[in-house]
>>> print(open('my_file.cif').read())   # mmCIF, C-alpha atoms
data_input
loop_
_atom_site.label_atom_id
_atom_site.label_comp_id
_atom_site.auth_asym_id
_atom_site.auth_seq_id
_atom_site.Cartn_x
_atom_site.Cartn_y
_atom_site.Cartn_z
CA MET A 1 92.97 94.84 82.76
CA THR A 2 96.59 94.54 83.70
CA ARG A 3 94.50 93.38 81.44
CA LYS A 4 93.89 94.86 80.79
CA ILE A 5 96.38 93.53 83.22
CA ARG A 6 94.29 92.99 80.67
CA SER A 7 97.05 93.51 78.57
CA ALA A 8 99.40 92.19 80.89
CA THR A 9 95.92 93.27 80.12
CA ALA A 10 95.57 92.11 79.85
CA VAL A 11 97.21 91.12 78.78
CA ALA A 12 95.35 92.02 77.82
CA ILE A 13 95.18 91.32 75.69
CA GLY A 14 94.01 92.59 77.30
CA LEU A 15 97.55 90.31 76.35
CA GLY A 16 94.98 92.82 79.85
CA ILE A 17 98.76 94.04 86.11
CA ALA A 18 99.30 97.64 87.69
CA LEU A 19 101.16 100.39 85.76
CA VAL A 20 104.76 101.27 85.55
CA ALA A 21 105.61 104.49 83.84
CA THR A 22 108.67 106.48 83.33
CA GLY A 23 108.88 110.19 83.51
CA CYS A 24 111.68 112.10 81.85
CA ALA A 25 114.25 114.03 83.81
CA GLY A 26 112.04 117.01 84.39
CA GLY A 27 108.87 115.32 85.61
CA ASP A 28 106.64 112.24 85.68
CA THR A 29 104.05 112.88 83.02
CA GLY A 30 105.57 111.89 79.70
CA GLY A 31 107.67 112.87 76.74
CA SER A 32 111.24 111.97 75.84
CA GLY A 33 114.33 113.87 76.71
CA GLY A 34 117.77 114.11 75.14
CA SER A 35 120.92 116.05 75.89
CA SER A 36 123.97 117.36 74.10
CA ASP A 37 126.14 114.55 75.47
CA GLY A 38 124.01 111.91 73.77
CA LYS A 39 122.16 110.73 76.85
CA VAL A 40 118.48 109.87 76.40
CA ALA A 41 115.76 109.73 79.05
CA LEU A 42 112.73 107.62 78.14
CA THR A 43 109.35 107.42 79.83
CA PHE A 44 107.52 104.10 80.20
CA TRP A 45 103.93 103.54 81.31
CA GLU A 46 102.82 100.04 82.29
CA ASN A 47 100.24 98.53 84.63
CA ALA A 48 102.05 95.80 86.57
CA GLN A 49 100.79 95.51 90.12
CA PRO A 50 103.33 95.53 92.96
CA GLY A 51 104.90 92.09 93.09
CA PRO A 52 106.87 89.87 90.70
CA GLY A 53 105.60 91.68 87.60
CA GLU A 54 106.68 95.11 88.73
CA GLU A 55 110.00 93.70 89.93
CA TYR A 56 110.54 92.18 86.48
CA PHE A 57 110.17 95.54 84.79
CA LYS A 58 112.49 97.20 87.29
CA ALA A 59 115.10 94.56 86.56
CA ALA A 60 114.56 94.81 82.78
CA VAL A 61 115.00 98.58 82.85
CA LYS A 62 118.15 98.25 84.95
CA GLU A 63 119.63 95.60 82.67
CA TYR A 64 118.81 97.60 79.54
CA HIS A 65 120.57 100.62 81.04
CA SER A 66 123.64 98.49 81.78
CA LEU A 67 123.70 97.42 78.12
CA HIS A 68 122.99 100.95 76.90
CA PRO A 69 124.45 103.39 79.47
CA ASN A 70 123.28 106.40 77.47
CA VAL A 71 119.62 105.37 77.86
CA THR A 72 117.73 105.92 81.12
CA ILE A 73 114.20 104.61 81.48
CA LYS A 74 112.08 105.94 84.34
CA MET A 75 108.92 104.14 85.39
CA GLN A 76 105.72 105.27 87.11
CA ALA A 77 103.03 102.92 88.37
CA ILE A 78 99.47 103.64 87.22
CA GLN A 79 96.52 101.60 88.47
CA ASN A 80 94.95 99.60 85.67
CA GLU A 81 91.46 101.11 85.86
CA ASP A 82 92.99 104.61 85.63
CA PHE A 83 95.31 103.79 82.77
CA ASP A 84 93.22 104.47 79.67
CA GLY A 85 91.96 107.85 80.85
CA LYS A 86 95.39 109.09 81.89
CA LEU A 87 96.95 107.89 78.67
CA GLN A 88 94.30 109.50 76.48
CA THR A 89 94.75 112.80 78.31
CA ALA A 90 98.52 112.60 77.83
CA LEU A 91 98.18 111.74 74.15
CA ASN A 92 95.76 114.59 73.53
CA SER A 93 97.99 117.10 75.32
CA ASN A 94 101.13 115.99 73.47
CA SER A 95 102.74 114.83 76.73
CA ALA A 96 102.47 111.09 76.19
CA PRO A 97 105.08 108.68 77.54
CA ASP A 98 107.56 107.35 75.00
CA ILE A 99 106.61 103.72 75.69
CA PHE A 100 103.21 102.61 76.93
CA LEU A 101 100.88 99.67 77.29
CA GLN A 102 98.71 99.29 74.21
CA ARG A 103 95.26 97.68 74.43
CA GLY A 104 95.02 97.27 70.66
CA GLY A 105 91.86 97.04 68.55
CA GLY A 106 89.72 100.13 68.13
CA LYS A 107 91.69 101.96 70.80
CA MET A 108 94.91 101.55 68.83
CA GLN A 109 93.10 102.41 65.61
CA ALA A 110 91.99 105.73 67.11
CA MET A 111 95.59 106.53 68.11
CA VAL A 112 96.82 105.68 64.61
CA ASP A 113 94.10 107.81 63.02
CA ALA A 114 95.07 110.72 65.26
CA GLY A 115 98.77 110.34 64.44
CA GLN A 116 99.63 109.74 68.10
CA VAL A 117 101.70 106.55 67.69
CA GLN A 118 104.46 105.52 65.34
CA PRO A 119 104.81 102.29 63.34
CA LEU A 120 107.58 99.97 64.48
CA ASN A 121 110.41 99.32 62.01
CA LEU A 122 111.10 95.73 63.03
CA THR A 123 114.01 93.58 61.95
CA ALA A 124 113.71 89.97 60.84
CA THR A 125 114.97 88.95 64.28
CA ASP A 126 112.29 91.05 65.98
CA LYS A 127 109.61 89.41 63.87
CA ALA A 128 110.90 85.94 64.65
CA ASN A 129 111.01 86.69 68.38
CA ALA A 130 107.49 88.14 68.55
CA GLY A 131 105.87 85.68 66.14
CA GLU A 132 103.75 86.31 63.07
CA ALA A 133 100.37 85.77 64.72
CA ALA A 134 101.07 88.08 67.65
CA LEU A 135 102.38 90.82 65.37
CA ALA A 136 99.35 90.49 63.09
CA GLY A 137 97.13 91.29 66.07
CA ASN A 138 99.07 94.51 66.58
CA SER A 139 99.09 95.64 62.96
CA ILE A 140 96.97 98.05 60.95
CA ASP A 141 97.19 98.23 57.17
CA GLY A 142 100.34 96.12 57.19
CA LYS A 143 102.19 98.24 59.75
CA VAL A 144 103.00 97.05 63.30
CA TYR A 145 102.09 99.59 66.00
CA ALA A 146 102.74 97.57 69.16
CA MET A 147 105.24 94.97 70.30
CA PRO A 148 103.47 92.00 71.92
CA THR A 149 104.99 90.29 74.95
CA ASP A 150 102.55 87.48 75.75
CA THR A 151 99.54 85.62 74.45
CA GLN A 152 96.36 86.25 76.42
CA PRO A 153 93.76 83.52 75.97
CA GLU A 154 90.79 84.09 78.23
CA GLY A 155 89.02 81.35 80.11
CA ILE A 156 87.85 80.33 83.56
CA TYR A 157 90.40 79.90 86.34
CA TYR A 158 89.33 77.53 89.09
CA SER A 159 90.41 75.92 92.34
CA LYS A 160 91.04 72.22 91.89
CA ASP A 161 90.74 71.72 95.65
CA LEU A 162 87.32 73.38 95.85
CA PHE A 163 86.11 71.43 92.83
CA LYS A 164 87.19 68.21 94.52
CA ARG A 165 85.45 69.18 97.77
CA ALA A 166 82.27 69.86 95.82
CA GLY A 167 82.45 66.50 94.07
CA ILE A 168 83.25 67.97 90.65
CA THR A 169 85.47 65.46 88.85
CA SER A 170 86.28 67.45 85.68
CA PRO A 171 85.85 71.01 84.40
CA PRO A 172 82.54 71.77 82.67
CA THR A 173 82.43 71.85 78.87
CA THR A 174 78.84 73.10 78.41
CA MET A 175 76.74 75.76 80.09
CA ASP A 176 74.45 73.09 81.53
CA GLU A 177 77.43 71.45 83.20
CA LEU A 178 78.64 74.80 84.53
CA GLU A 179 75.24 75.50 86.07
CA THR A 180 75.29 72.05 87.69
CA ASP A 181 78.72 72.79 89.15
CA VAL A 182 77.49 76.14 90.47
CA ALA A 183 74.86 74.28 92.49
CA LYS A 184 77.45 71.81 93.84
CA LEU A 185 79.75 74.60 94.97
CA LYS A 186 76.96 76.39 96.79
CA LYS A 187 76.42 73.24 98.85
CA ILE A 188 79.93 73.58 100.32
CA ASN A 189 79.29 77.27 101.11
CA VAL A 190 81.70 78.67 98.54
CA ALA A 191 80.94 81.44 96.06
CA PRO A 192 80.85 79.53 92.76
CA ILE A 193 82.15 82.38 90.60
CA ALA A 194 83.75 85.68 91.55
CA VAL A 195 83.33 88.78 89.39
CA GLY A 196 84.47 92.35 90.01
CA ALA A 197 81.48 94.11 88.49
CA LYS A 198 82.33 97.47 90.07
CA ASP A 199 85.05 97.80 87.43
CA ALA A 200 82.48 96.98 84.69
CA TRP A 201 84.80 95.24 82.23
CA PRO A 202 85.15 91.97 84.20
CA ALA A 203 81.36 91.61 84.24
CA ALA A 204 81.13 92.55 80.56
CA HIS A 205 83.51 89.72 79.67
CA TRP A 206 80.71 87.27 80.42
CA TYR A 207 78.68 88.94 77.68
CA TYR A 208 81.72 88.97 75.35
CA ASN A 209 82.13 85.22 75.67
CA PHE A 210 78.46 84.50 75.15
CA ALA A 211 78.70 86.69 72.03
CA LEU A 212 81.79 84.72 70.95
CA ARG A 213 79.66 81.58 71.04
CA GLU A 214 76.47 83.07 69.56
CA CYS A 215 77.98 85.26 66.80
CA SER A 216 80.05 84.06 63.87
CA GLN A 217 83.60 85.27 63.38
CA ASP A 218 82.48 87.22 60.33
CA THR A 219 79.69 88.94 62.24
CA MET A 220 82.00 90.03 65.05
CA THR A 221 84.73 91.20 62.68
CA LYS A 222 82.23 93.08 60.52
CA ALA A 223 80.86 94.82 63.59
CA GLY A 224 84.40 95.98 64.36
CA LYS A 225 84.57 97.75 61.02
CA GLU A 226 81.00 99.05 60.73
CA LEU A 227 80.12 99.41 64.44
CA LYS A 228 76.63 98.12 63.77
CA PHE A 229 75.14 95.42 65.98
CA THR A 230 72.03 94.42 64.04
CA ASP A 231 72.59 90.66 63.96
CA PRO A 232 70.20 88.85 66.35
CA CYS A 233 73.17 87.05 67.90
CA TRP A 234 74.04 90.16 69.93
CA THR A 235 70.69 90.09 71.68
CA LYS A 236 70.85 86.31 72.01
CA ALA A 237 74.17 86.67 73.87
CA GLY A 238 72.47 89.01 76.34
CA ASP A 239 69.62 86.57 76.75
CA ASP A 240 72.15 83.82 77.52
CA LEU A 241 73.69 85.96 80.23
CA ALA A 242 70.29 86.81 81.70
CA SER A 243 69.43 83.12 81.79
CA PHE A 244 72.72 82.27 83.50
CA LEU A 245 72.08 84.93 86.14
CA LYS A 246 68.97 83.05 87.23
CA VAL A 247 71.13 80.38 88.91
CA GLU A 248 72.86 83.15 90.93
CA PRO A 249 76.39 82.05 90.02
CA PHE A 250 78.26 85.07 91.39
CA GLN A 251 79.24 86.06 94.92
CA LYS A 252 76.90 88.18 97.01
CA GLY A 253 77.37 91.89 96.41
CA PHE A 254 79.31 91.33 93.18
CA LEU A 255 78.12 94.67 91.79
CA THR A 256 80.21 96.58 94.36
CA VAL A 257 83.33 94.38 94.22
CA THR A 258 86.51 95.41 92.37
CA SER A 259 88.43 92.98 90.24
CA GLN A 260 92.03 93.13 91.39
CA GLN A 261 92.44 95.47 94.33
CA GLY A 262 93.04 93.66 97.61
CA ALA A 263 91.79 90.54 99.35
CA GLY A 264 88.16 91.61 98.99
CA SER A 265 88.38 91.83 95.19
CA SER A 266 87.21 89.04 92.91
CA ALA A 267 90.85 88.03 92.41
CA GLY A 268 91.36 88.11 96.18
CA MET A 269 88.38 85.80 96.67
CA VAL A 270 89.91 83.22 94.34
CA ALA A 271 93.38 83.68 95.84
CA ASN A 272 91.99 82.95 99.32
CA HIS A 273 89.66 80.09 98.29
CA ARG A 274 86.51 82.09 99.01
CA ALA A 275 85.39 81.64 95.41
CA ALA A 276 85.96 78.69 93.12
CA MET A 277 86.09 80.31 89.68
CA GLU A 278 86.73 83.53 87.80
CA LEU A 279 86.53 84.39 84.09
CA MET A 280 89.71 86.24 83.18
CA GLY A 281 92.61 86.54 80.77
CA ASN A 282 96.00 85.04 81.49
CA TRP A 283 97.26 88.13 83.30
CA GLN A 284 95.20 87.08 86.32
CA PRO A 285 97.46 84.35 87.81
CA GLY A 286 100.04 87.07 88.35
CA VAL A 287 97.43 89.00 90.31
CA TYR A 288 96.45 85.94 92.36
CA SER A 289 100.07 85.46 93.41
CA THR A 290 100.13 88.93 95.01
CA LEU A 291 96.95 88.25 97.01
CA THR A 292 97.52 84.79 98.48
CA PRO A 293 98.48 84.64 102.18
CA ASN A 294 102.05 83.58 101.37
CA LYS A 295 102.33 85.78 98.24
CA LYS A 296 102.95 82.70 96.12
CA GLN A 297 100.91 81.19 93.31
CA LEU A 298 97.94 78.98 94.16
CA PRO A 299 99.18 75.38 93.95
CA ASP A 300 95.73 74.10 92.92
CA LEU A 301 94.98 76.65 90.18
CA GLY A 302 93.42 75.24 87.02
CA TRP A 303 91.97 76.64 83.78
CA PHE A 304 89.31 75.65 81.29
CA PRO A 305 87.89 77.38 78.19
CA PHE A 306 84.53 79.12 78.20
CA PRO A 307 81.88 76.40 77.84
CA ALA A 308 80.05 75.64 74.63
CA VAL A 309 76.66 77.24 73.99
CA PRO A 310 74.22 75.10 71.96
CA GLY A 311 73.03 76.48 68.64
CA GLY A 312 75.50 79.34 68.40
CA GLN A 313 76.98 80.59 65.13
CA GLY A 314 80.45 80.93 66.63
CA ALA A 315 82.98 78.12 66.78
CA PRO A 316 82.56 76.24 70.07
CA THR A 317 86.34 76.28 70.60
CA ALA A 318 87.01 79.90 69.59
CA ILE A 319 88.97 81.88 72.18
CA MET A 320 88.57 85.41 73.47
CA GLY A 321 91.94 87.07 73.91
CA ASN A 322 93.61 90.43 73.73
CA GLY A 323 96.11 91.44 71.07
CA GLY A 324 97.77 94.45 72.67
CA GLY A 325 101.40 95.06 73.47
CA TYR A 326 103.61 98.11 73.89
CA SER A 327 103.53 101.15 71.63
CA LEU A 328 105.71 104.18 71.02
CA SER A 329 104.25 107.67 71.01
CA LYS A 330 104.83 109.79 67.93
CA ASN A 331 107.79 111.70 69.41
CA ALA A 332 109.58 108.73 70.99
CA PRO A 333 113.24 108.53 69.93
CA LYS A 334 114.78 105.49 68.21
CA GLU A 335 116.19 104.28 71.53
CA ALA A 336 112.64 103.49 72.67
CA LEU A 337 112.28 100.86 69.95
CA GLY A 338 115.46 99.25 71.22
CA PHE A 339 113.82 98.61 74.58
CA LEU A 340 110.82 96.94 72.93
CA GLU A 341 113.16 94.73 70.90
CA PHE A 342 114.92 93.82 74.14
CA LEU A 343 111.64 92.74 75.79
CA VAL A 344 111.01 89.97 73.22
CA THR A 345 114.46 88.38 73.37
CA LYS A 346 114.51 84.81 74.70
CA ASP A 347 116.00 85.56 78.12
CA GLN A 348 113.68 88.49 78.76
CA GLN A 349 110.66 86.52 77.59
CA GLU A 350 111.50 83.70 79.98
CA ALA A 351 111.85 86.14 82.87
CA TYR A 352 108.64 87.93 81.86
CA ALA A 353 106.69 84.67 81.69
CA LYS A 354 107.88 83.59 85.14
CA ALA A 355 107.14 86.98 86.71
CA PHE A 356 103.65 87.29 85.26
CA PHE A 357 102.82 83.54 85.28
CA THR A 358 101.96 83.92 81.63
CA ILE A 359 102.64 82.59 78.12
CA PRO A 360 105.44 84.41 76.23
CA VAL A 361 105.14 85.20 72.52
CA ASN A 362 108.71 84.13 71.82
CA LYS A 363 108.37 80.43 71.02
CA GLN A 364 111.96 79.79 72.12
CA ALA A 365 110.90 80.89 75.61
CA GLN A 366 107.69 78.84 75.79
CA GLU A 367 109.50 75.88 77.33
CA VAL A 368 109.19 77.77 80.64
CA VAL A 369 105.41 77.31 80.43
CA THR A 370 104.96 74.43 82.87
CA ASP A 371 102.12 75.53 85.16
CA SER A 372 99.10 73.38 84.39
CA TYR A 373 96.74 76.31 83.94
CA ASN A 374 99.02 77.93 81.35
CA VAL A 375 99.60 74.61 79.59
CA SER A 376 95.81 74.17 79.34
CA ALA A 377 95.36 77.71 78.06
CA LEU A 378 98.14 77.41 75.50
CA GLN A 379 96.77 74.10 74.22
CA ALA A 380 93.27 75.57 73.86
CA PHE A 381 94.69 78.65 72.14
CA ASN A 382 96.67 76.53 69.67
CA LYS A 383 93.59 74.43 68.87
CA ALA A 384 91.20 77.38 68.49
CA PRO A 385 90.13 78.07 64.89
CA TYR A 386 90.32 81.80 65.69
CA SER A 387 90.62 84.22 68.56
CA MET A 388 88.71 87.45 69.05
CA GLN A 389 89.91 90.57 70.81
CA PHE A 390 88.10 91.76 73.92
CA LEU A 391 85.12 93.67 72.59
CA ASP A 392 85.70 96.93 74.44
CA THR A 393 89.14 96.95 72.83
CA MET A 394 88.03 95.78 69.41
CA TYR A 395 85.21 98.29 69.13
CA GLY A 396 87.00 101.27 70.67
CA GLN A 397 86.76 103.06 73.99
CA ASN A 398 83.43 104.90 73.59
CA VAL A 399 81.50 101.99 72.11
CA GLY A 400 83.20 99.51 74.43
CA ASN A 401 82.41 101.54 77.54
CA ALA A 402 78.76 101.82 76.52
CA MET A 403 78.59 98.05 76.01
CA ASN A 404 80.25 97.39 79.36
CA THR A 405 77.90 99.73 81.21
CA ALA A 406 74.85 98.19 79.56
CA VAL A 407 75.99 94.69 80.55
CA VAL A 408 76.40 95.75 84.19
CA ASN A 409 72.92 97.31 84.05
CA LEU A 410 71.50 93.97 82.91
CA MET A 411 73.32 92.19 85.73
CA ALA A 412 71.94 94.74 88.18
CA GLY A 413 68.38 94.17 86.94
CA LYS A 414 68.22 97.66 85.39
CA GLY A 415 68.42 96.70 81.73
CA SER A 416 67.80 93.97 79.20
CA ALA A 417 69.61 92.17 76.41
CA ALA A 418 67.94 94.51 73.94
CA ASP A 419 69.25 97.48 75.91
CA ILE A 420 72.83 96.27 75.46
CA VAL A 421 72.41 96.40 71.70
CA LYS A 422 70.51 99.70 71.81
CA ASP A 423 73.05 101.46 74.01
CA THR A 424 75.99 100.08 72.04
CA ASP A 425 74.47 101.19 68.74
CA ALA A 426 73.74 104.62 70.18
CA ALA A 427 77.36 105.07 71.26
CA ALA A 428 78.55 103.96 67.81
CA ALA A 429 76.24 106.47 66.14
CA LYS A 430 77.78 109.30 68.12
CA GLY A 431 81.20 108.38 66.79
#
>>> encode(input="my_file.cif", output="structure tokens")
Amino acid sequence: MTRKIRSATAVAIGLGIALVATGCAGGDTGGSGGSSDGKVALTFWENAQPGPGEEYFKAAVKEYHSLHPNVTIKMQAIQNEDFDGKLQTALNSNSAPDIFLQRGGGKMQAMVDAGQVQPLNLTATDKANAGEAALAGNSIDGKVYAMPTDTQPEGIYYSKDLFKRAGITSPPTTMDELETDVAKLKKINVAPIAVGAKDAWPAAHWYYNFALRECSQDTMTKAGKELKFTDPCWTKAGDDLASFLKVEPFQKGFLTVTSQQGAGSSAGMVANHRAAMELMGNWQPGVYSTLTPNKKQLPDLGWFPFPAVPGGQGAPTAIMGNGGGYSLSKNAPKEALGFLEFLVTKDQQEAYAKAFFTIPVNKQAQEVVTDSYNVSALQAFNKAPYSMQFLDTMYGQNVGNAMNTAVVNLMAGKGSAADIVKDTDAAAAKG
């Protein structure tokens, strides 16, 4: 989202930010290039939207080249919603970029199974910079396949000013409290919650978080391995969403609204105080900053974790968050790993965190995390007994897309909670 911006993503974690790619000397599609004089041209695909994030990557590439004059990195911007399809086509045609945004989960597993990505041979310094937990989320069978750059806890961003106007004195901690706040916000003629359902995944994240509350960690992890969704908690999560829809929490016309593209998107509504809340990963503040009238961050932006759901099997403080990072395609030269190592150094992590308004993985750089919304997210993340990857990442592209589509159908009144499970199981059966 740039997720996803989701991976920054989101992050995201989809992390879950628009794409920056590099094309080698002969074109803009992918593949590495070398020459007899030792010069190397690398390609880099990312999804940072125009603004501070994209400028960060431009600066990082320029600085890396100054440190390593023989290495040239060329970048190409790819819109987030187009990223996965373009990348899969490039991987399948053996023309993949050397370095690219990695969603993680089942999507990364498929690339590993197909031999399309290479494991990262990290030094002790690399491991210390990236952190054990973040690297674990990017590992398969003990091998690291992506370098993480930020943590991507998901929660609900909100306008403190609009909450105050509506008479809401503190963020909701239960679904009953959230529904009460929805009613208060309607009274001041503000859309309580914005969602970009046209892009499917932002709407599906509401189902993901209800599932996080209804299903146990073991059930969700087991489903990731077996791709079977027989536990009643999956249907219960859909029922929770259907019940929440009855209070009409989302903006009018949410089914035709995009998530991050322009002032009319769900992010644009929050950035311009036309909506009070949005469920997103921590890539989204960087998007808000590109859509405010003055192109600066919202001064009243706050964050709170997804509310508790009574009777659920999941931990009430568990967090949804992406575990992706940046991968190297199978033919990427050794110089490509050097750039990934560079991205998790302290100075680069500080600059990255400031540009994307996010939480860096390098703990030495986390002192730059001072924005209240990121402080709240980091505190919740550190207290969470576990975090779960975004489900369309965890369960792979085909199964994830089927789940996302079925969730949107429910929100459009064209499907049920049972249909989400049925359609997801059907996609899993097809392989």
>>> resolve_selection(input="my_file.cif", expression="the PyMOL selection byres ((chain A and resi 181) around 12)", output="PyMOL selection string")
chain A and resi 158+162-180+182-188+190-193+247+249+276-277
>>> write_last_selection(input="my_file.cif", atoms="C-alpha atoms", output="short mmCIF file (atom, residue, chain, number, x, y, z; two decimals), in the coordinates of the input")
data_model
loop_
_atom_site.label_atom_id
_atom_site.label_comp_id
_atom_site.auth_asym_id
_atom_site.auth_seq_id
_atom_site.Cartn_x
_atom_site.Cartn_y
_atom_site.Cartn_z
CA TYR A 158 89.33 77.53 89.09
CA LEU A 162 87.32 73.38 95.85
CA PHE A 163 86.11 71.43 92.83
CA LYS A 164 87.19 68.21 94.52
CA ARG A 165 85.45 69.18 97.77
CA ALA A 166 82.27 69.86 95.82
CA GLY A 167 82.45 66.50 94.07
CA ILE A 168 83.25 67.97 90.65
CA THR A 169 85.47 65.46 88.85
CA SER A 170 86.28 67.45 85.68
CA PRO A 171 85.85 71.01 84.40
CA PRO A 172 82.54 71.77 82.67
CA THR A 173 82.43 71.85 78.87
CA THR A 174 78.84 73.10 78.41
CA MET A 175 76.74 75.76 80.09
CA ASP A 176 74.45 73.09 81.53
CA GLU A 177 77.43 71.45 83.20
CA LEU A 178 78.64 74.80 84.53
CA GLU A 179 75.24 75.50 86.07
CA THR A 180 75.29 72.05 87.69
CA VAL A 182 77.49 76.14 90.47
CA ALA A 183 74.86 74.28 92.49
CA LYS A 184 77.45 71.81 93.84
CA LEU A 185 79.75 74.60 94.97
CA LYS A 186 76.96 76.39 96.79
CA LYS A 187 76.42 73.24 98.85
CA ILE A 188 79.93 73.58 100.32
CA VAL A 190 81.70 78.67 98.54
CA ALA A 191 80.94 81.44 96.06
CA PRO A 192 80.85 79.53 92.76
CA ILE A 193 82.15 82.38 90.60
CA VAL A 247 71.13 80.38 88.91
CA PRO A 249 76.39 82.05 90.02
CA ALA A 276 85.96 78.69 93.12
CA MET A 277 86.09 80.31 89.68
#
>>> axis_aligned_box(input="my_file.cif", around="region 49-60 of chain A", padding_each_side="8 Å", output="JSON")
{"center_x": 107.9, "center_y": 93.5, "center_z": 87.9, "size_x": 30.3, "size_y": 23.3, "size_z": 26.3}
>>> closest_residue(input="my_file.cif", among="A:Asp425, A:Asp419, A:Asp199, A:Glu367", to="Phe229 (chain A)", atoms="all atoms listed in the file")
A:Asp425
>>> closest_residue(input="my_file.cif", among="A:Met111, A:Val40, A:Ala402, A:Ile73", to="Leu87 (chain A)", atoms="only C-alpha atoms")
A:Met111
>>> resolve_selection(input="my_file.cif", expression="the PyMOL selection byres ((chain A and resi 299) around 12)", output="PyMOL selection string")
chain A and resi 158-161+271-273+285+288-289+292+294-298+300-302+371-373
>>> closest_atom_pairs(input="my_file.cif", of="region 77-168 of chain A", to="region 255-264 of chain A", cutoff="10 Å", atoms="all atoms listed in the file", output="CSV")
residue,atom,partner,partner_atom,distance
A:Gln79,CA,A:Gln261,CA,9.4
A:Asn80,CA,A:Gln260,CA,9.1
A:Glu81,CA,A:Ser259,CA,9.7
>>> atom_distance(input="my_file.cif", atom1="CA of Pro305 (chain A)", atom2="CA of Asp82 (chain A)")
28.7 Å
>>> resolve_selection(input="my_file.cif", expression="the PyMOL selection byres ((chain A and resi 399) around 6)", output="ChimeraX atom specification")
/A:396-398,400-402,424,427-428
>>> closest_residue(input="my_file.cif", among="A:Ala365, A:Ala377, A:Ala204, A:Met269", to="Asp392 (chain A)", atoms="all atoms listed in the file")
A:Ala204
>>> residues_near_point(input="my_file.cif", point="(114.5, 98.0, 88.4)", cutoff="12 Å", atoms="only C-alpha atoms", output="PyMOL selection string")
chain A and resi 20-22+52-66+72-76
>>> closest_residue(input="my_file.cif", among="A:Pro307, A:Gly281, A:Pro119, A:Gly325", to="Trp45 (chain A)", atoms="only C-alpha atoms")
A:Gly325
>>> closest_atom_pairs(input="my_file.cif", of="region 67-156 of chain A", to="region 311-319 of chain A", cutoff="10 Å", atoms="all atoms listed in the file", output="JSON lines")
{"residue": "A:Gln152", "atom": "CA", "partner": "A:Ile319", "partner_atom": "CA", "distance": 9.6}
{"residue": "A:Pro153", "atom": "CA", "partner": "A:Ile319", "partner_atom": "CA", "distance": 6.3}
{"residue": "A:Glu154", "atom": "CA", "partner": "A:Ile319", "partner_atom": "CA", "distance": 6.7}
{"residue": "A:Gly155", "atom": "CA", "partner": "A:Ile319", "partner_atom": "CA", "distance": 7.9}
>>> atom_distance(input="my_file.cif", atom1="CA of Gln109 (chain A)", atom2="CA of Met394 (chain A)")
9.2 Å
>>> closest_residue(input="my_file.cif", among="A:Lys383, A:Thr219, A:Gly38, A:Asp150", to="Asn70 (chain A)", atoms="all atoms listed in the file")
A:Gly38
>>> residues_around(input="my_file.cif", residues="Val375 (chain A)", least_positions_apart="5", cutoff="9 Å", atoms="all atoms listed in the file", output="ChimeraX atom specification")
/A:303,359,369-370,380
>>> atom_distance(input="my_file.cif", atom1="CA of Pro69 (chain A)", atom2="CA of Leu122 (chain A)")
22.5 Å
>>> build_atoms(input="my_file.cif", residues="region 92-102 of chain A", atoms="N, CA and C atoms", output="PDB file, keeping the file's coordinate frame")
ATOM      1  N   ASN A  92      96.439 113.408  74.067  1.00  0.00           N
ATOM      2  CA  ASN A  92      95.760 114.590  73.530  1.00  0.00           C
ATOM      3  C   ASN A  92      96.504 115.881  73.835  1.00  0.00           C
ATOM      4  N   SER A  93      97.270 115.887  74.932  1.00  0.00           N
ATOM      5  CA  SER A  93      97.990 117.100  75.320  1.00  0.00           C
ATOM      6  C   SER A  93      99.449 117.074  74.868  1.00  0.00           C
ATOM      7  N   ASN A  94      99.779 116.098  74.011  1.00  0.00           N
ATOM      8  CA  ASN A  94     101.130 115.990  73.470  1.00  0.00           C
ATOM      9  C   ASN A  94     102.174 115.777  74.556  1.00  0.00           C
ATOM     10  N   SER A  95     101.793 115.116  75.648  1.00  0.00           N
ATOM     11  CA  SER A  95     102.740 114.830  76.730  1.00  0.00           C
ATOM     12  C   SER A  95     102.763 113.335  77.047  1.00  0.00           C
ATOM     13  N   ALA A  96     102.555 112.541  76.008  1.00  0.00           N
ATOM     14  CA  ALA A  96     102.470 111.090  76.190  1.00  0.00           C
ATOM     15  C   ALA A  96     103.827 110.505  76.550  1.00  0.00           C
ATOM     16  N   PRO A  97     103.827 109.393  77.281  1.00  0.00           N
ATOM     17  CA  PRO A  97     105.080 108.680  77.540  1.00  0.00           C
ATOM     18  C   PRO A  97     105.646 108.139  76.230  1.00  0.00           C
ATOM     19  N   ASP A  98     106.940 107.901  76.206  1.00  0.00           N
ATOM     20  CA  ASP A  98     107.560 107.350  75.000  1.00  0.00           C
ATOM     21  C   ASP A  98     107.078 105.933  74.727  1.00  0.00           C
ATOM     22  N   ILE A  99     106.992 105.131  75.786  1.00  0.00           N
ATOM     23  CA  ILE A  99     106.610 103.720  75.690  1.00  0.00           C
ATOM     24  C   ILE A  99     105.409 103.494  76.585  1.00  0.00           C
ATOM     25  N   PHE A 100     104.382 102.827  76.078  1.00  0.00           N
ATOM     26  CA  PHE A 100     103.210 102.610  76.930  1.00  0.00           C
ATOM     27  C   PHE A 100     102.458 101.351  76.527  1.00  0.00           C
ATOM     28  N   LEU A 101     101.734 100.819  77.511  1.00  0.00           N
ATOM     29  CA  LEU A 101     100.880  99.670  77.290  1.00  0.00           C
ATOM     30  C   LEU A 101      99.822  99.990  76.260  1.00  0.00           C
ATOM     31  N   GLN A 102      99.660  99.101  75.294  1.00  0.00           N
ATOM     32  CA  GLN A 102      98.710  99.290  74.210  1.00  0.00           C
ATOM     33  C   GLN A 102      97.625  98.228  74.287  1.00  0.00           C
TER      34      GLN A 102
END
